[in-house]
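Here's model_20.txt, which has compact mmCIF, C-alpha atoms:
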```txt
# COMPACT_ATOMS: atom_id res chain seq x y z
CA MET A 1 107.95 83.58 87.24
CA ASN A 2 104.48 82.38 88.23
CA ARG A 3 102.07 82.84 85.31
CA LEU A 4 98.44 82.13 84.53
CA VAL A 5 97.61 82.14 80.82
CA SER A 6 94.24 81.99 79.07
CA PRO A 7 93.39 79.16 76.62
CA THR A 8 94.16 81.61 73.80
CA GLY A 9 97.63 82.34 75.21
CA GLU A 10 96.89 85.72 76.81
CA LEU A 11 98.70 86.48 80.07
CA LEU A 12 96.09 86.92 82.80
CA PHE A 13 97.97 86.97 86.10
CA CYS A 14 101.62 86.75 87.10
CA LEU A 15 104.10 87.25 89.92
CA HIS A 16 107.83 87.76 89.67
CA PRO A 17 110.59 89.02 91.95
CA VAL A 18 111.73 92.64 91.94
CA HIS A 19 115.39 93.69 91.86
CA ASP A 20 117.28 96.91 91.12
CA GLU A 21 117.05 96.44 87.34
CA THR A 22 113.31 95.72 87.29
CA MET A 23 111.55 98.19 84.97
CA ALA A 24 114.78 100.10 84.38
CA VAL A 25 113.63 100.79 80.81
CA PRO A 26 110.36 102.68 80.13
CA GLY A 27 107.66 100.30 79.00
CA GLN A 28 103.92 99.73 78.72
CA HIS A 29 101.95 96.73 79.93
CA SER A 30 98.41 95.71 79.04
CA LEU A 31 98.05 94.60 82.67
CA TYR A 32 97.42 96.33 85.97
CA THR A 33 100.69 96.42 87.91
CA VAL A 34 101.33 96.41 91.66
CA LEU A 35 104.87 96.59 93.01
CA PHE A 36 105.15 95.25 96.55
CA LEU A 37 108.54 96.55 97.69
CA GLU A 38 109.67 95.19 101.04
CA GLU A 39 113.02 97.02 100.90
CA GLY A 40 114.96 99.50 98.81
CA GLU A 41 114.57 102.95 97.35
CA GLY A 42 114.49 104.76 94.03
CA THR A 43 112.30 106.89 91.79
CA TYR A 44 109.09 105.65 90.19
CA HIS A 45 107.88 107.17 86.92
CA ALA A 46 104.25 106.74 85.82
CA ASP A 47 103.41 108.73 82.68
CA PHE A 48 104.10 112.36 83.65
CA GLY A 49 104.43 111.71 87.39
CA VAL A 50 107.76 111.29 89.20
CA PHE A 51 107.60 109.73 92.68
CA PRO A 52 110.64 109.12 94.90
CA PHE A 53 110.06 106.11 97.17
CA LYS A 54 111.66 104.23 100.03
CA GLY A 55 110.44 100.78 101.06
CA PRO A 56 108.40 99.23 102.36
CA MET A 57 105.96 100.54 99.75
CA LEU A 58 103.24 99.59 97.32
CA LEU A 59 103.31 101.24 93.86
CA PHE A 60 100.50 101.03 91.30
CA SER A 61 99.93 101.56 87.58
CA THR A 62 97.07 101.06 85.13
CA PRO A 63 97.25 99.34 81.72
CA LEU A 64 99.43 101.03 79.11
CA GLN A 65 100.82 103.71 81.38
CA VAL A 66 104.48 104.34 80.59
CA ILE A 67 106.21 103.16 83.76
CA TYR A 68 109.81 102.67 84.87
CA MET A 69 112.10 103.00 87.90
CA GLN A 70 115.43 104.81 88.21
CA GLU A 71 118.22 105.21 90.78
CA CYS A 72 117.14 102.02 92.54
CA HIS A 73 119.13 100.55 95.41
CA GLY A 74 118.50 97.40 97.43
CA LEU A 75 115.12 96.55 95.93
CA LYS A 76 113.47 93.40 97.25
CA GLY A 77 109.86 92.48 96.61
CA THR A 78 107.29 91.15 94.17
CA MET A 79 105.63 92.51 91.04
CA ILE A 80 101.98 91.48 90.71
CA GLN A 81 100.29 91.95 87.33
CA PHE A 82 96.75 91.08 86.27
CA HIS A 83 94.56 91.55 83.22
CA GLY A 84 91.11 93.13 83.42
CA ASP A 85 89.66 89.87 82.09
CA PHE A 86 91.10 88.02 85.11
CA TYR A 87 89.94 90.54 87.71
CA CYS A 88 87.73 93.51 86.81
CA ILE A 89 88.33 96.25 89.36
CA GLU A 90 85.20 98.12 88.24
CA TYR A 91 83.00 95.04 88.67
CA HIS A 92 84.42 94.35 92.14
CA LYS A 93 84.62 97.96 93.29
CA THR A 94 82.14 97.42 96.14
CA GLN A 95 84.13 94.54 97.62
CA VAL A 96 87.56 96.06 97.11
CA GLY A 97 87.13 99.81 96.65
CA CYS A 98 90.40 100.06 94.74
CA ASN A 99 89.17 101.76 91.56
CA GLY A 100 89.69 105.48 92.04
CA LEU A 101 91.87 104.87 95.08
CA LEU A 102 94.70 102.60 93.95
CA PHE A 103 94.06 102.91 90.20
CA ASN A 104 92.57 105.57 87.91
CA ASN A 105 93.18 108.57 90.14
CA ILE A 106 95.21 111.45 88.72
CA TYR A 107 95.28 113.49 91.93
CA ILE A 108 96.92 111.23 94.53
CA GLU A 109 100.28 109.53 94.41
CA PRO A 110 100.13 105.92 93.13
CA SER A 111 101.89 104.65 96.25
CA ILE A 112 101.38 103.54 99.85
CA ALA A 113 104.01 103.54 102.59
CA LEU A 114 103.59 100.36 104.63
CA THR A 115 103.91 99.63 108.33
CA THR A 116 105.71 96.51 109.60
CA PRO A 117 102.43 94.66 110.37
CA GLU A 118 101.11 95.54 106.89
CA VAL A 119 104.26 94.18 105.26
CA LYS A 120 103.82 90.92 107.17
CA GLY A 121 100.22 90.63 105.97
CA PHE A 122 101.06 91.30 102.33
CA LYS A 123 103.97 88.84 102.43
CA LYS A 124 101.58 86.16 103.69
CA ILE A 125 99.19 86.77 100.78
CA VAL A 126 102.04 86.66 98.23
CA THR A 127 103.29 83.40 99.76
CA ASP A 128 99.78 81.95 99.47
CA MET A 129 99.68 83.01 95.80
CA GLU A 130 103.06 81.37 95.15
CA GLU A 131 101.94 78.15 96.83
CA GLU A 132 98.81 78.04 94.68
CA PHE A 133 100.88 78.62 91.54
CA ALA A 134 103.06 75.67 92.61
CA ALA A 135 100.07 73.30 92.54
CA GLN A 136 99.88 70.88 89.64
CA VAL A 137 96.78 72.70 88.38
CA PRO A 138 96.50 76.18 89.98
CA ASP A 139 92.92 77.12 90.84
CA GLU A 140 91.97 80.36 89.07
CA MET A 141 89.22 81.15 91.59
CA VAL A 142 91.63 80.76 94.51
CA LEU A 143 94.14 83.08 92.84
CA GLN A 144 91.40 85.63 92.21
CA SER A 145 90.43 85.46 95.88
CA TYR A 146 94.02 86.08 96.97
CA LEU A 147 94.29 89.02 94.56
CA GLN A 148 91.01 90.47 95.83
CA LEU A 149 92.28 90.19 99.40
CA PHE A 150 95.57 91.87 98.43
CA LEU A 151 93.74 94.77 96.78
CA ALA A 152 91.26 95.11 99.65
CA ARG A 153 94.13 95.30 102.14
CA SER A 154 95.84 97.84 99.87
CA SER A 155 92.72 100.02 99.81
CA SER A 156 92.46 99.89 103.59
CA ALA A 157 96.12 100.88 103.94
CA LYS A 158 95.67 103.76 101.48
CA LEU A 159 92.59 105.08 103.30
CA HIS A 160 94.43 104.89 106.62
CA ALA A 161 97.40 106.78 105.18
CA LEU A 162 95.15 109.49 103.73
CA SER A 163 93.21 109.92 106.97
CA ALA A 164 96.46 110.19 108.93
CA SER A 165 97.90 112.94 106.72
CA ASP A 166 98.51 116.33 108.31
CA PRO A 167 95.43 118.60 107.88
CA LYS A 168 97.81 121.55 107.70
CA GLU A 169 99.03 120.25 104.36
CA ARG A 170 95.56 120.60 102.82
CA ASP A 171 95.26 123.42 100.26
CA GLU A 172 91.59 124.34 100.03
CA GLN A 173 91.98 126.18 96.72
CA MET A 174 93.71 123.20 95.13
CA GLU A 175 90.95 120.95 96.43
CA GLN A 176 88.53 123.40 94.81
CA PHE A 177 90.50 123.16 91.55
CA MET A 178 90.10 119.39 91.67
CA GLN A 179 86.32 119.80 91.99
CA LEU A 180 86.24 122.37 89.19
CA LEU A 181 88.26 120.10 86.91
CA GLU A 182 85.95 117.16 87.58
CA LYS A 183 82.98 119.36 86.67
CA ASN A 184 84.46 121.16 83.65
CA PHE A 185 87.18 118.97 82.09
CA LEU A 186 85.09 118.41 78.96
CA THR A 187 84.79 122.13 78.21
CA LEU A 188 87.63 124.00 79.95
CA HIS A 189 91.04 122.91 78.67
CA LYS A 190 93.32 125.84 79.57
CA PRO A 191 95.02 126.43 82.95
CA ASN A 192 94.10 130.12 82.75
CA ASP A 193 90.40 129.15 82.74
CA TYR A 194 90.79 127.55 86.16
CA ALA A 195 93.10 130.25 87.48
CA SER A 196 90.36 132.81 86.70
CA LEU A 197 87.69 130.71 88.43
CA LEU A 198 89.94 130.52 91.50
CA ALA A 199 90.78 134.26 91.37
CA MET A 200 94.50 133.44 91.17
CA THR A 201 97.24 134.63 88.86
CA PRO A 202 98.33 131.94 86.37
CA ASN A 203 101.83 131.86 87.86
CA THR A 204 100.63 131.42 91.46
CA PHE A 205 98.08 128.83 90.36
CA SER A 206 100.73 126.80 88.53
CA LYS A 207 103.21 126.88 91.44
CA ARG A 208 100.62 125.81 94.00
CA CYS A 209 99.31 123.08 91.75
CA VAL A 210 102.79 121.61 91.27
CA ARG A 211 103.47 121.83 95.01
CA TYR A 212 100.18 120.15 95.94
CA PHE A 213 99.66 117.57 93.18
CA LYS A 214 103.26 117.32 91.94
CA LYS A 215 101.88 117.99 88.44
CA THR A 216 101.30 121.11 86.37
CA PRO A 217 97.72 122.27 85.70
CA SER A 218 98.12 121.40 82.01
CA THR A 219 99.19 117.87 82.88
CA LEU A 220 96.19 117.35 85.16
CA ILE A 221 93.77 118.69 82.53
CA GLN A 222 95.22 116.42 79.85
CA GLU A 223 95.36 113.40 82.16
CA ARG A 224 91.72 113.88 83.14
CA LEU A 225 90.65 113.79 79.50
CA ILE A 226 92.82 110.74 78.83
CA LEU A 227 91.43 108.98 81.91
CA GLU A 228 87.87 109.55 80.69
CA ALA A 229 88.80 108.29 77.24
CA LYS A 230 90.35 105.14 78.71
CA LYS A 231 87.24 104.49 80.79
CA LYS A 232 84.98 104.76 77.76
CA LEU A 233 87.26 102.56 75.66
CA HIS A 234 87.40 99.87 78.34
CA LEU A 235 83.99 100.10 80.00
CA THR A 236 81.68 100.74 77.03
CA ARG A 237 81.08 99.46 73.52
CA GLN A 238 80.88 102.97 72.08
CA SER A 239 82.72 103.42 68.80
CA ILE A 240 85.86 105.57 68.67
CA LYS A 241 83.82 108.19 66.80
CA GLU A 242 81.14 108.19 69.51
CA ILE A 243 83.75 108.53 72.25
CA ALA A 244 85.43 111.42 70.43
CA HIS A 245 82.07 113.19 70.19
CA ALA A 246 81.26 112.52 73.88
CA LEU A 247 84.59 114.09 74.87
CA ASN A 248 83.93 117.18 72.71
CA PHE A 249 86.71 116.57 70.20
CA GLU A 250 86.27 118.09 66.76
CA ASP A 251 86.49 114.73 65.06
CA GLU A 252 87.70 111.16 65.50
CA SER A 253 91.05 111.90 63.86
CA TYR A 254 91.92 114.74 66.24
CA PHE A 255 90.88 112.63 69.24
CA SER A 256 93.06 109.75 68.06
CA ARG A 257 96.09 112.02 67.66
CA PHE A 258 95.56 113.53 71.11
CA PHE A 259 95.17 110.10 72.71
CA LYS A 260 98.24 108.66 71.00
CA LYS A 261 100.36 111.70 71.90
CA PHE A 262 99.93 110.96 75.61
CA THR A 263 99.58 107.17 75.66
CA HIS A 264 101.81 106.24 72.69
CA VAL A 265 99.08 103.95 71.35
CA SER A 266 95.94 104.62 69.31
CA PRO A 267 92.49 104.38 70.95
CA GLN A 268 91.80 101.18 69.00
CA THR A 269 95.10 99.63 70.10
CA PHE A 270 94.33 100.51 73.71
CA ARG A 271 90.95 98.82 73.42
CA ASP A 272 92.46 95.78 71.68
CA LYS A 273 95.12 95.34 74.37
CA THR A 274 92.99 95.98 77.46
CA GLY A 275 89.80 94.42 76.12
CA ILE A 276 86.25 95.55 76.78
CA SER A 277 85.18 95.05 80.38
CA VAL A 278 82.26 92.88 81.44
CA MET A 279 80.85 96.16 82.78
CA ALA A 280 80.10 97.21 79.20
CA ASP A 281 77.25 94.69 79.19
CA VAL A 282 75.98 95.35 82.72
CA ALA A 283 72.87 97.49 82.87
CA PRO A 284 73.45 100.79 84.73
```
Can you dump the structure from the file as structure tokens?
Amino acid sequence: MNRLVSPTGELLFCLHPVHDETMAVPGQHSLYTVLFLEEGEGTYHADFGVFPFKGPMLLFSTPLQVIYMQECHGLKGTMIQFHGDFYCIEYHKTQVGCNGLLFNNIYIEPSIALTTPEVKGFKKIVTDMEEEFAAQVPDEMVLQSYLQLFLARSSSAKLHALSASDPKERDEQMEQFMQLLEKNFLTLHKPNDYASLLAMTPNTFSKRCVRYFKKTPSTLIQERLILEAKKKLHLTRQSIKEIAHALNFEDESYFSRFFKKFTHVSPQTFRDKTGISVMADVAP
């Protein structure tokens, strides 16, 4: 496996081959993960989401998501992992546009189906990364540049796939729910609240939500709160108590229990493992 490690021994960036047994057991990584699958098929699990896939594909996950793959056959590809200290997706969002598109988006599938020309382009970038790792002293800046190019190409492929989707598949009321959730997730925590705003019965609302987002309304509401908590833990220097208050939790203890229930780690452990981003010290 190709690895880049910090002077303190922290894993910053790595590549290793993918096979049918890769990520067969549920696990959590403190790194961002991209699976570049040239061939094969299976089912990808990321927290509460279940996503059948067939290569060639790209699959994505954020730090400390519970991820694993099942029923895999004929997998061939590369797993790319990087720490936020090595490449901050928030800091480079203008150049790459991946934050909110490839990572940190609860509404769209964390995957991209690739065309043959796209596969060829991604393979070339991976080969360049491997060649740099093979150097006597790999250049960290060169590896960062290759990663930035890989993510930029991924964002372009994702945007193309979204623009090419069938307009008939668009559910305007579910799009409206997404907007309502973004506006009200701090105060409205029950599916029935949103069903009422959409003038839908709870049962109809739930069925359409699962069909459109492949997640229940409750899951989306909880994930949106967790996503906001993760952002504040990683992108600010606010204390756990301050974050709990900002998210309208009764107290720090209740917030910590809620966070650990869905991430399997405490807020402090999440911050310790992912670090605090350079964005925390950048003036707004």
Judged by only C-alpha atoms, the minimum distance to Arg271 in chain A among A:Glu182, A:Phe133, A:Leu64, A:Ala113 is found for A:Leu64
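Within 7 Å of the point (99.8, 99.7, 84.8) in file coordinates, and counting only C-alpha atoms, lie the residues A:His29, A:Leu31, A:Tyr32, A:Thr33, A:Phe60, A:Ser61, A:Thr62, A:Pro63, A:Leu64, A:Gln65.
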task: Please identify all polymer residues lying at most 10 Å from the point (104.5, 91.5, 93.2) (file coordinates), using all atoms listed in the file, and present the result as a count of residues only.
output: 20
message: I'd like the contact shell of Gly40 in chain A - 6 Å cut-off, only C-alpha atoms, skipping same-chain residues fewer than 4 positions apart - returned as JSON, numbers by chain.
response: {"A": [54, 55, 73, 74, 75]}
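For the choices A:Leu225, A:Leu101, A:Met69, A:Val5, the atom-to-atom distance to Ser156 in chain A is smallest for A:Leu101 when using all atoms listed in the file.
Minimum atom-to-atom distances from A:Tyr212, A:Phe150, A:Tyr68, A:Phe13 to Gly121 in chain A were compared using all atoms listed in the file, and the lowest value belongs to A:Phe150.
Residues within 12 Å of Asn99 in chain A, counting all atoms listed in the file and excluding same-chain residues fewer than 5 positions away, are Tyr32, Phe60, Ser61, Thr62, Tyr87, Cys88, Ile89, Glu90, Tyr91, His92, Lys93, Thr94, Asn104, Asn105, Ile106, Pro110, Leu151, Ala152, Ser154, Ser155 and Lys231 of chain A.
Across A:Leu186, A:Ser165, A:Gln95, A:Ser266, the tightest approach to Leu149 in chain A is made by A:Gln95 when counting all atoms listed in the file.
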Counting all atoms listed in the file, the residue among A:Phe82, A:Met23, A:His264, A:Glu39 that lies closest to Val119 in chain A is A:Glu39
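Closest to Pro138 in chain A among A:Asn192, A:Asn203, A:Arg3, A:Ala157 is A:Arg3, based on all atoms listed in the file.
Between CA of Ser145 in chain A and CA of Gly84 in chain A lies a distance of 14.6 Å.
Here CA of Asp272 in chain A and CA of Ser256 in chain A stand 14.4 Å from one another.
A straight line drawn from CA of Ile226 in chain A to CA of Leu181 in chain A is 13.2 Å long.
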Please return the centre and edge lengths, in Å to one decimal, of a box with edges along x, y and z that contains all listed atoms of range 247-251 of chain A, widened by 8 Å on every side, as JSON.
```
{"center_x": 85.3, "center_y": 116.1, "center_z": 70.0, "size_x": 18.8, "size_y": 20.0, "size_z": 25.8}
```
